[in-house]
>>> print(open('target.pdb').read())   # PDB, C-alpha atoms
ATOM      1  CA  MET A   1      -2.518 -57.487  56.306
ATOM      2  CA  MET A   2      -5.326 -59.501  57.948
ATOM      3  CA  LYS A   3      -7.861 -58.305  55.366
ATOM      4  CA  GLY A   4      -5.625 -59.696  52.580
ATOM      5  CA  ILE A   5      -5.279 -62.970  54.452
ATOM      6  CA  THR A   6      -9.043 -63.078  54.972
ATOM      7  CA  LYS A   7      -9.730 -62.632  51.270
ATOM      8  CA  ASN A   8      -7.148 -65.243  50.287
ATOM      9  CA  ILE A   9      -8.399 -67.770  52.849
ATOM     10  CA  ALA A  10     -11.934 -67.217  51.645
ATOM     11  CA  ILE A  11     -10.860 -67.787  48.049
ATOM     12  CA  ALA A  12      -8.887 -70.902  49.056
ATOM     13  CA  LEU A  13     -11.821 -72.439  50.888
ATOM     14  CA  LEU A  14     -14.165 -71.380  48.114
ATOM     15  CA  CYS A  15     -11.982 -73.230  45.617
ATOM     16  CA  ALA A  16     -11.653 -76.223  47.920
ATOM     17  CA  LEU A  17     -15.384 -76.434  48.541
ATOM     18  CA  SER A  18     -16.298 -76.025  44.896
ATOM     19  CA  SER A  19     -13.722 -78.588  43.715
ATOM     20  CA  GLY A  20     -14.618 -81.250  46.266
ATOM     21  CA  ALA A  21     -11.226 -81.073  47.989
ATOM     22  CA  PHE A  22     -12.935 -81.761  51.316
ATOM     23  CA  ALA A  23     -13.895 -85.261  50.227
ATOM     24  CA  ALA A  24     -13.120 -86.577  53.709
ATOM     25  CA  THR A  25     -15.557 -84.142  55.276
ATOM     26  CA  THR A  26     -19.300 -83.832  55.425
ATOM     27  CA  PRO A  27     -21.102 -81.466  53.079
ATOM     28  CA  ALA A  28     -20.932 -77.808  54.040
ATOM     29  CA  THR A  29     -24.077 -76.152  55.278
ATOM     30  CA  ASP A  30     -23.237 -73.072  53.199
ATOM     31  CA  ASN A  31     -25.259 -73.825  50.072
ATOM     32  CA  THR A  32     -23.143 -72.156  47.413
ATOM     33  CA  PRO A  33     -19.481 -71.229  46.995
ATOM     34  CA  GLN A  34     -20.508 -67.562  47.220
ATOM     35  CA  GLU A  35     -22.244 -68.171  50.562
ATOM     36  CA  ALA A  36     -19.118 -69.936  51.847
ATOM     37  CA  TYR A  37     -16.964 -67.041  50.617
ATOM     38  CA  ASP A  38     -19.241 -64.494  52.296
ATOM     39  CA  ASP A  39     -19.230 -66.490  55.544
ATOM     40  CA  ILE A  40     -15.424 -66.638  55.634
ATOM     41  CA  THR A  41     -14.914 -62.963  54.857
ATOM     42  CA  ARG A  42     -17.493 -62.023  57.478
ATOM     43  CA  SER A  43     -16.013 -64.309  60.147
ATOM     44  CA  LEU A  44     -12.259 -64.663  59.885
ATOM     45  CA  ASP A  45     -11.006 -61.277  61.082
ATOM     46  CA  ASP A  46     -12.936 -61.779  64.307
ATOM     47  CA  LEU A  47     -11.610 -65.330  64.936
ATOM     48  CA  HIS A  48      -8.033 -64.314  65.849
ATOM     49  CA  PRO A  49      -5.972 -67.239  64.523
ATOM     50  CA  ILE A  50      -2.706 -68.000  66.341
ATOM     51  CA  THR A  51       0.029 -67.411  63.771
ATOM     52  CA  PHE A  52       3.617 -68.615  63.495
ATOM     53  CA  GLN A  53       5.318 -66.374  60.931
ATOM     54  CA  ALA A  54       7.868 -67.866  58.520
ATOM     55  CA  PRO A  55      11.055 -65.758  58.343
ATOM     56  CA  ALA A  56      11.268 -66.243  54.571
ATOM     57  CA  GLU A  57       7.617 -66.793  53.712
ATOM     58  CA  LYS A  58       6.747 -68.768  50.583
ATOM     59  CA  TYR A  59       3.178 -69.736  51.480
ATOM     60  CA  LYS A  60       0.522 -68.927  54.084
ATOM     61  CA  LEU A  61      -1.555 -71.747  55.534
ATOM     62  CA  LEU A  62      -4.684 -71.691  57.677
ATOM     63  CA  VAL A  63      -4.728 -74.870  59.774
ATOM     64  CA  PHE A  64      -7.861 -76.247  61.451
ATOM     65  CA  ILE A  65      -6.922 -78.367  64.513
ATOM     66  CA  ASP A  66      -8.217 -79.790  67.780
ATOM     67  CA  ASN A  67      -6.087 -80.389  70.852
ATOM     68  CA  GLN A  68      -7.033 -84.064  71.157
ATOM     69  CA  CYS A  69      -5.863 -84.922  67.637
ATOM     70  CA  SER A  70      -2.471 -86.638  67.568
ATOM     71  CA  TYR A  71      -1.880 -85.626  63.938
ATOM     72  CA  CYS A  72      -2.601 -82.008  64.866
ATOM     73  CA  SER A  73      -0.120 -82.322  67.723
ATOM     74  CA  THR A  74       2.518 -83.459  65.257
ATOM     75  CA  VAL A  75       1.931 -80.393  63.090
ATOM     76  CA  VAL A  76       2.153 -77.983  66.033
ATOM     77  CA  LYS A  77       5.126 -79.825  67.551
ATOM     78  CA  ASN A  78       6.982 -79.357  64.258
ATOM     79  CA  VAL A  79       5.798 -75.813  63.547
ATOM     80  CA  LYS A  80       9.404 -74.550  63.444
ATOM     81  CA  LYS A  81      10.139 -76.986  60.597
ATOM     82  CA  TYR A  82       7.169 -75.558  58.703
ATOM     83  CA  THR A  83       8.164 -71.938  59.298
ATOM     84  CA  ASP A  84      11.825 -72.698  58.475
ATOM     85  CA  ALA A  85      10.566 -74.158  55.179
ATOM     86  CA  GLY A  86       8.773 -70.879  54.418
ATOM     87  CA  LEU A  87       5.273 -71.853  55.561
ATOM     88  CA  THR A  88       3.493 -69.305  57.756
ATOM     89  CA  MET A  89       1.004 -71.271  59.865
ATOM     90  CA  SER A  90      -2.209 -69.757  61.306
ATOM     91  CA  PHE A  91      -4.295 -72.019  63.573
ATOM     92  CA  LEU A  92      -8.029 -72.193  64.335
ATOM     93  CA  THR A  93      -9.851 -74.743  66.488
ATOM     94  CA  VAL A  94     -12.312 -77.401  65.395
ATOM     95  CA  ALA A  95     -14.320 -78.882  68.292
ATOM     96  CA  PRO A  96     -15.597 -82.306  67.168
ATOM     97  CA  LYS A  97     -19.072 -83.072  68.490
ATOM     98  CA  SER A  98     -17.972 -86.094  70.560
ATOM     99  CA  ILE A  99     -15.420 -84.022  72.553
ATOM    100  CA  ARG A 100     -16.823 -80.552  71.959
ATOM    101  CA  ASP A 101     -17.075 -79.257  75.540
ATOM    102  CA  SER A 102     -13.613 -80.521  76.462
ATOM    103  CA  VAL A 103     -11.957 -78.977  73.387
ATOM    104  CA  ILE A 104     -13.740 -75.654  73.880
ATOM    105  CA  GLU A 105     -12.653 -75.526  77.532
ATOM    106  CA  ASP A 106      -9.047 -76.543  76.802
ATOM    107  CA  MET A 107      -8.546 -74.358  73.747
ATOM    108  CA  GLY A 108     -10.333 -71.450  75.430
ATOM    109  CA  ARG A 109      -7.514 -71.534  77.978
ATOM    110  CA  VAL A 110      -5.006 -71.298  75.111
ATOM    111  CA  TRP A 111      -6.740 -68.306  73.523
ATOM    112  CA  CYS A 112      -6.992 -66.639  76.983
ATOM    113  CA  SER A 113      -3.288 -66.983  77.713
ATOM    114  CA  ILE A 114      -0.860 -64.097  77.429
ATOM    115  CA  ASP A 115       1.567 -66.002  75.159
ATOM    116  CA  LYS A 116      -0.811 -67.763  72.787
ATOM    117  CA  THR A 117       1.838 -69.318  70.544
ATOM    118  CA  LYS A 118       3.670 -70.898  73.489
ATOM    119  CA  SER A 119       0.379 -72.000  75.082
ATOM    120  CA  LEU A 120      -0.756 -73.612  71.833
ATOM    121  CA  GLN A 121       2.490 -75.554  71.541
ATOM    122  CA  GLN A 122       2.284 -76.695  75.162
ATOM    123  CA  ALA A 123      -1.415 -77.610  74.932
ATOM    124  CA  MET A 124      -0.793 -79.689  71.833
ATOM    125  CA  ALA A 125       1.958 -81.512  73.757
ATOM    126  CA  GLY A 126      -0.536 -82.283  76.543
ATOM    127  CA  PHE A 127       0.278 -79.434  78.939
ATOM    128  CA  LEU A 128      -2.611 -77.007  79.200
ATOM    129  CA  PRO A 129      -1.965 -73.454  80.371
ATOM    130  CA  ASP A 130      -2.387 -72.729  84.086
ATOM    131  CA  ASN A 131      -4.958 -70.014  83.421
ATOM    132  CA  ASP A 132      -8.693 -70.563  83.187
ATOM    133  CA  THR A 133     -10.793 -69.769  80.179
ATOM    134  CA  THR A 134     -13.272 -66.916  80.180
ATOM    135  CA  PRO A 135     -16.672 -66.829  78.509
ATOM    136  CA  ALA A 136     -15.146 -64.573  75.822
ATOM    137  CA  CYS A 137     -12.342 -67.043  75.045
ATOM    138  CA  SER A 138     -14.702 -70.033  75.063
ATOM    139  CA  ASP A 139     -17.004 -68.098  72.730
ATOM    140  CA  LEU A 140     -14.087 -67.372  70.379
ATOM    141  CA  VAL A 141     -13.233 -71.075  70.155
ATOM    142  CA  THR A 142     -16.921 -71.916  69.678
ATOM    143  CA  ARG A 143     -17.110 -69.407  66.801
ATOM    144  CA  GLN A 144     -13.927 -70.833  65.227
ATOM    145  CA  SER A 145     -15.436 -74.306  65.353
ATOM    146  CA  ALA A 146     -18.752 -73.029  64.019
ATOM    147  CA  LEU A 147     -16.945 -71.708  60.932
ATOM    148  CA  ALA A 148     -15.364 -75.134  60.417
ATOM    149  CA  ASP A 149     -18.802 -76.752  60.872
ATOM    150  CA  ARG A 150     -20.391 -74.427  58.320
ATOM    151  CA  LEU A 151     -17.605 -75.237  55.859
ATOM    152  CA  GLY A 152     -18.050 -78.967  56.399
ATOM    153  CA  ILE A 153     -14.648 -79.525  58.036
ATOM    154  CA  THR A 154     -14.980 -82.533  60.313
ATOM    155  CA  VAL A 155     -11.493 -84.056  60.167
ATOM    156  CA  THR A 156      -8.318 -82.525  61.513
ATOM    157  CA  PRO A 157      -5.860 -81.268  60.630
ATOM    158  CA  VAL A 158      -7.003 -79.476  57.502
ATOM    159  CA  MET A 159      -4.486 -77.046  56.004
ATOM    160  CA  VAL A 160      -5.568 -74.436  53.505
ATOM    161  CA  VAL A 161      -2.748 -72.854  51.515
ATOM    162  CA  VAL A 162      -3.768 -69.233  51.100
ATOM    163  CA  GLU A 163      -0.870 -67.469  49.405
ATOM    164  CA  PRO A 164       0.260 -67.303  46.693
ATOM    165  CA  GLU A 165      -1.667 -70.364  45.450
ATOM    166  CA  THR A 166      -4.840 -71.887  46.872
ATOM    167  CA  ARG A 167      -4.881 -75.561  47.826
ATOM    168  CA  THR A 168      -6.351 -77.705  50.584
ATOM    169  CA  ILE A 169      -4.344 -80.403  52.356
ATOM    170  CA  VAL A 170      -6.109 -82.910  54.593
ATOM    171  CA  GLY A 171      -3.976 -84.611  57.234
ATOM    172  CA  SER A 172      -0.578 -84.120  58.776
ATOM    173  CA  GLN A 173       1.846 -83.561  55.928
ATOM    174  CA  PRO A 174       5.522 -82.718  56.471
ATOM    175  CA  PRO A 175       6.798 -79.413  55.083
ATOM    176  CA  ALA A 176       8.767 -81.085  52.274
ATOM    177  CA  ALA A 177       5.644 -82.924  51.049
ATOM    178  CA  ILE A 178       3.611 -79.704  51.104
ATOM    179  CA  LEU A 179       6.281 -77.812  49.173
ATOM    180  CA  ALA A 180       6.669 -80.648  46.650
ATOM    181  CA  ALA A 181       2.905 -80.758  46.057
ATOM    182  CA  LEU A 182       2.771 -77.003  45.582
ATOM    183  CA  LYS A 183       5.577 -77.060  42.999
ATOM    184  CA  LYS A 184       3.602 -79.426  40.742
TER     185      LYS A 184
END
>>> encode(input="target.pdb", output="C-alpha cells")
Amino acid sequence: MMKGITKNIAIALLCALSSGAFAATTPATDNTPQEAYDDITRSLDDLHPITFQAPAEKYKLLVFIDNQCSYCSTVVKNVKKYTDAGLTMSFLTVAPKSIRDSVIEDMGRVWCSIDKTKSLQQAMAGFLPDNDTTPACSDLVTRQSALADRLGITVTPVMVVVEPETRTIVGSQPPAAILAALKK
C-alpha cells in the first residue's frame, strides 16, 4: 500500500510543482518535475509518515507540518473531523530554518515514541512526549524536512491530496472546505 501512496504523492507534488501551486513557497531546488518526482519516490517510503486512517476514505492527504505552527496544531487537533469526513491524513515534519534545531529535537521525540499518533496529537497541543529523541529519530525528522526543502515547501501546513485526485492546499483548511474544493 505504501508504494501506491508514494507514487500518488510523487505525482501530486509533481503536478503542484509544475503548476505553480506552491506560490507561497520558495522555488524548489529540484530543477525539473521529473527530478522532483524521482526525489519523492526515492525518499517517501523511508520517511515513515504518521497516518490517521479515515474509516470511510474518500481522499488521502500528505500534510507537511511543524510543531510550532499554530495552524498546524489546529489541523492535528481536529484530525478526527478530517478522518470522519473521509480524509486519511499522513504527516511529515518541516523544520523551518529559524527554529530548525528545536523542531528536530521536539519532533524527533514524537517519532521515537511508542504511540506516534497520540504523541503527535499531544505535541501539537504543546505537550511533548516524556521520552528523549535518538540520533535515528532526529535523522528521520531531518530527512523529512530535507524533502520539504528540496520541494520548496517553506510554509506550513501544506496538504497534498494524493488519492484519487491530486491537489495542493496551503494553509489550515477545514474538512468541509477541502471536500467542497475537491468536488469542483
>>> atom_distance(input="target.pdb", atom1="atom CA of Arg150 of chain A", atom2="atom CA of Asp45 of chain A")
16.4 Å
>>> closest_residue(input="target.pdb", among="A:Ala146, A:Val63, A:Val79, A:Arg109", to="Asp130 of chain A", atoms="all atoms listed in the file")
A:Arg109
>>> atom_distance(input="target.pdb", atom1="atom CA of Leu147 of chain A", atom2="atom CA of Asp66 of chain A")
13.7 Å
>>> closest_residue(input="target.pdb", among="A:Met124, A:Cys72, A:Val160, A:Ala85", to="Ala177 of chain A", atoms="only C-alpha atoms")
A:Ala85
>>> resolve_selection(input="target.pdb", expression="the PyMOL selection byres ((chain A and resi 52) around 7)", output="MDAnalysis selection string")
chainID A and resid 50:51 53:54 88:90
>>> residues_around(input="target.pdb", residues="Ala95 of chain A", least_positions_apart="5", cutoff="9 Å", atoms="only C-alpha atoms", output="PyMOL selection string")
chain A and resi 65-67+100-104+141-142+144-146+148-149+154
>>> closest_residue(input="target.pdb", among="A:Leu182, A:Ala125, A:Val155, A:Val170", to="Lys97 of chain A", atoms="only C-alpha atoms")
A:Val155
>>> atom_distance(input="target.pdb", atom1="atom CA of Val76 of chain A", atom2="atom CA of Ile169 of chain A")
15.3 Å
>>> closest_residue(input="target.pdb", among="A:Leu92, A:Gly171, A:Ile178, A:Lys60", to="Asp46 of chain A", atoms="all atoms listed in the file")
A:Leu92
>>> closest_residue(input="target.pdb", among="A:Pro96, A:Pro174, A:Gly86, A:Pro157", to="Leu62 of chain A", atoms="only C-alpha atoms")
A:Pro157
>>> axis_aligned_box(input="target.pdb", around="segment 113-117 of chain A", padding_each_side="8 Å", output="lines of an AutoDock Vina configuration file")
center_x = -0.7
center_y = -66.7
center_z = 74.1
size_x = 21.1
size_y = 21.2
size_z = 23.2
>>> closest_residue(input="target.pdb", among="A:Cys69, A:Thr117, A:Ile99, A:Ser172", to="Val158 of chain A", atoms="all atoms listed in the file")
A:Ser172
>>> build_atoms(input="target.pdb", residues="segment 128-139 of chain A", atoms="all heavy atoms", output="PDB file, in the coordinates of the input")
ATOM      1  N   LEU A 128      -1.734 -78.168  79.331  1.00  0.00           N
ATOM      2  CA  LEU A 128      -2.611 -77.007  79.200  1.00  0.00           C
ATOM      3  C   LEU A 128      -2.089 -75.842  80.024  1.00  0.00           C
ATOM      4  O   LEU A 128      -1.442 -76.047  81.059  1.00  0.00           O
ATOM      5  CB  LEU A 128      -4.026 -77.369  79.657  1.00  0.00           C
ATOM      6  CG  LEU A 128      -4.759 -78.340  78.738  1.00  0.00           C
ATOM      7  CD1 LEU A 128      -6.042 -78.808  79.387  1.00  0.00           C
ATOM      8  CD2 LEU A 128      -5.025 -77.709  77.392  1.00  0.00           C
ATOM      9  N   PRO A 129      -2.393 -74.621  79.601  1.00  0.00           N
ATOM     10  CA  PRO A 129      -1.965 -73.454  80.371  1.00  0.00           C
ATOM     11  C   PRO A 129      -2.585 -73.459  81.767  1.00  0.00           C
ATOM     12  O   PRO A 129      -3.648 -74.044  81.984  1.00  0.00           O
ATOM     13  CB  PRO A 129      -2.477 -72.267  79.562  1.00  0.00           C
ATOM     14  CG  PRO A 129      -3.009 -72.800  78.290  1.00  0.00           C
ATOM     15  CD  PRO A 129      -3.127 -74.269  78.400  1.00  0.00           C
ATOM     16  N   ASP A 130      -1.914 -72.802  82.696  1.00  0.00           N
ATOM     17  CA  ASP A 130      -2.387 -72.729  84.086  1.00  0.00           C
ATOM     18  C   ASP A 130      -3.622 -71.841  84.244  1.00  0.00           C
ATOM     19  O   ASP A 130      -4.345 -71.962  85.212  1.00  0.00           O
ATOM     20  CB  ASP A 130      -1.279 -72.206  85.009  1.00  0.00           C
ATOM     21  CG  ASP A 130      -0.144 -73.205  85.140  1.00  0.00           C
ATOM     22  OD1 ASP A 130      -0.369 -74.413  84.932  1.00  0.00           O
ATOM     23  OD2 ASP A 130       0.982 -72.775  85.444  1.00  0.00           O
ATOM     24  N   ASN A 131      -3.831 -70.934  83.307  1.00  0.00           N
ATOM     25  CA  ASN A 131      -4.958 -70.014  83.421  1.00  0.00           C
ATOM     26  C   ASN A 131      -6.281 -70.713  83.114  1.00  0.00           C
ATOM     27  O   ASN A 131      -6.312 -71.783  82.531  1.00  0.00           O
ATOM     28  CB  ASN A 131      -4.760 -68.828  82.476  1.00  0.00           C
ATOM     29  CG  ASN A 131      -4.641 -69.273  81.022  1.00  0.00           C
ATOM     30  OD1 ASN A 131      -3.648 -69.885  80.634  1.00  0.00           O
ATOM     31  ND2 ASN A 131      -5.642 -68.975  80.220  1.00  0.00           N
ATOM     32  N   ASP A 132      -7.353 -70.081  83.528  1.00  0.00           N
ATOM     33  CA  ASP A 132      -8.693 -70.563  83.187  1.00  0.00           C
ATOM     34  C   ASP A 132      -9.138 -69.894  81.900  1.00  0.00           C
ATOM     35  O   ASP A 132      -8.571 -68.900  81.466  1.00  0.00           O
ATOM     36  CB  ASP A 132      -9.683 -70.209  84.304  1.00  0.00           C
ATOM     37  CG  ASP A 132      -9.437 -71.023  85.567  1.00  0.00           C
ATOM     38  OD1 ASP A 132      -9.030 -72.199  85.448  1.00  0.00           O
ATOM     39  OD2 ASP A 132      -9.646 -70.479  86.665  1.00  0.00           O
ATOM     40  N   THR A 133     -10.184 -70.431  81.318  1.00  0.00           N
ATOM     41  CA  THR A 133     -10.793 -69.769  80.179  1.00  0.00           C
ATOM     42  C   THR A 133     -11.811 -68.753  80.708  1.00  0.00           C
ATOM     43  O   THR A 133     -12.192 -68.794  81.879  1.00  0.00           O
ATOM     44  CB  THR A 133     -11.460 -70.776  79.221  1.00  0.00           C
ATOM     45  OG1 THR A 133     -11.850 -70.088  78.022  1.00  0.00           O
ATOM     46  CG2 THR A 133     -12.660 -71.447  79.845  1.00  0.00           C
ATOM     47  N   THR A 134     -12.209 -67.858  79.859  1.00  0.00           N
ATOM     48  CA  THR A 134     -13.272 -66.916  80.180  1.00  0.00           C
ATOM     49  C   THR A 134     -14.415 -67.179  79.196  1.00  0.00           C
ATOM     50  O   THR A 134     -14.205 -67.834  78.168  1.00  0.00           O
ATOM     51  CB  THR A 134     -12.801 -65.453  80.007  1.00  0.00           C
ATOM     52  OG1 THR A 134     -12.510 -65.235  78.614  1.00  0.00           O
ATOM     53  CG2 THR A 134     -11.574 -65.153  80.865  1.00  0.00           C
ATOM     54  N   PRO A 135     -15.589 -66.668  79.485  1.00  0.00           N
ATOM     55  CA  PRO A 135     -16.672 -66.829  78.509  1.00  0.00           C
ATOM     56  C   PRO A 135     -16.294 -66.259  77.134  1.00  0.00           C
ATOM     57  O   PRO A 135     -16.649 -66.845  76.111  1.00  0.00           O
ATOM     58  CB  PRO A 135     -17.841 -66.059  79.140  1.00  0.00           C
ATOM     59  CG  PRO A 135     -17.587 -66.174  80.614  1.00  0.00           C
ATOM     60  CD  PRO A 135     -16.083 -66.085  80.747  1.00  0.00           C
ATOM     61  N   ALA A 136     -15.545 -65.171  77.101  1.00  0.00           N
ATOM     62  CA  ALA A 136     -15.146 -64.573  75.822  1.00  0.00           C
ATOM     63  C   ALA A 136     -14.222 -65.501  75.037  1.00  0.00           C
ATOM     64  O   ALA A 136     -14.368 -65.655  73.817  1.00  0.00           O
ATOM     65  CB  ALA A 136     -14.476 -63.216  76.048  1.00  0.00           C
ATOM     66  N   CYS A 137     -13.268 -66.135  75.725  1.00  0.00           N
ATOM     67  CA  CYS A 137     -12.342 -67.043  75.045  1.00  0.00           C
ATOM     68  C   CYS A 137     -13.050 -68.321  74.606  1.00  0.00           C
ATOM     69  O   CYS A 137     -12.810 -68.826  73.501  1.00  0.00           O
ATOM     70  CB  CYS A 137     -11.154 -67.363  75.945  1.00  0.00           C
ATOM     71  SG  CYS A 137     -10.093 -65.943  76.251  1.00  0.00           S
ATOM     72  N   SER A 138     -13.922 -68.853  75.446  1.00  0.00           N
ATOM     73  CA  SER A 138     -14.702 -70.033  75.063  1.00  0.00           C
ATOM     74  C   SER A 138     -15.587 -69.718  73.865  1.00  0.00           C
ATOM     75  O   SER A 138     -15.719 -70.532  72.944  1.00  0.00           O
ATOM     76  CB  SER A 138     -15.566 -70.509  76.233  1.00  0.00           C
ATOM     77  OG  SER A 138     -14.758 -71.016  77.258  1.00  0.00           O
ATOM     78  N   ASP A 139     -16.170 -68.526  73.851  1.00  0.00           N
ATOM     79  CA  ASP A 139     -17.004 -68.098  72.730  1.00  0.00           C
ATOM     80  C   ASP A 139     -16.180 -67.991  71.450  1.00  0.00           C
ATOM     81  O   ASP A 139     -16.644 -68.383  70.384  1.00  0.00           O
ATOM     82  CB  ASP A 139     -17.683 -66.765  73.055  1.00  0.00           C
ATOM     83  CG  ASP A 139     -18.561 -66.301  71.916  1.00  0.00           C
ATOM     84  OD1 ASP A 139     -19.527 -67.029  71.563  1.00  0.00           O
ATOM     85  OD2 ASP A 139     -18.271 -65.214  71.345  1.00  0.00           O
TER      86      ASP A 139
END
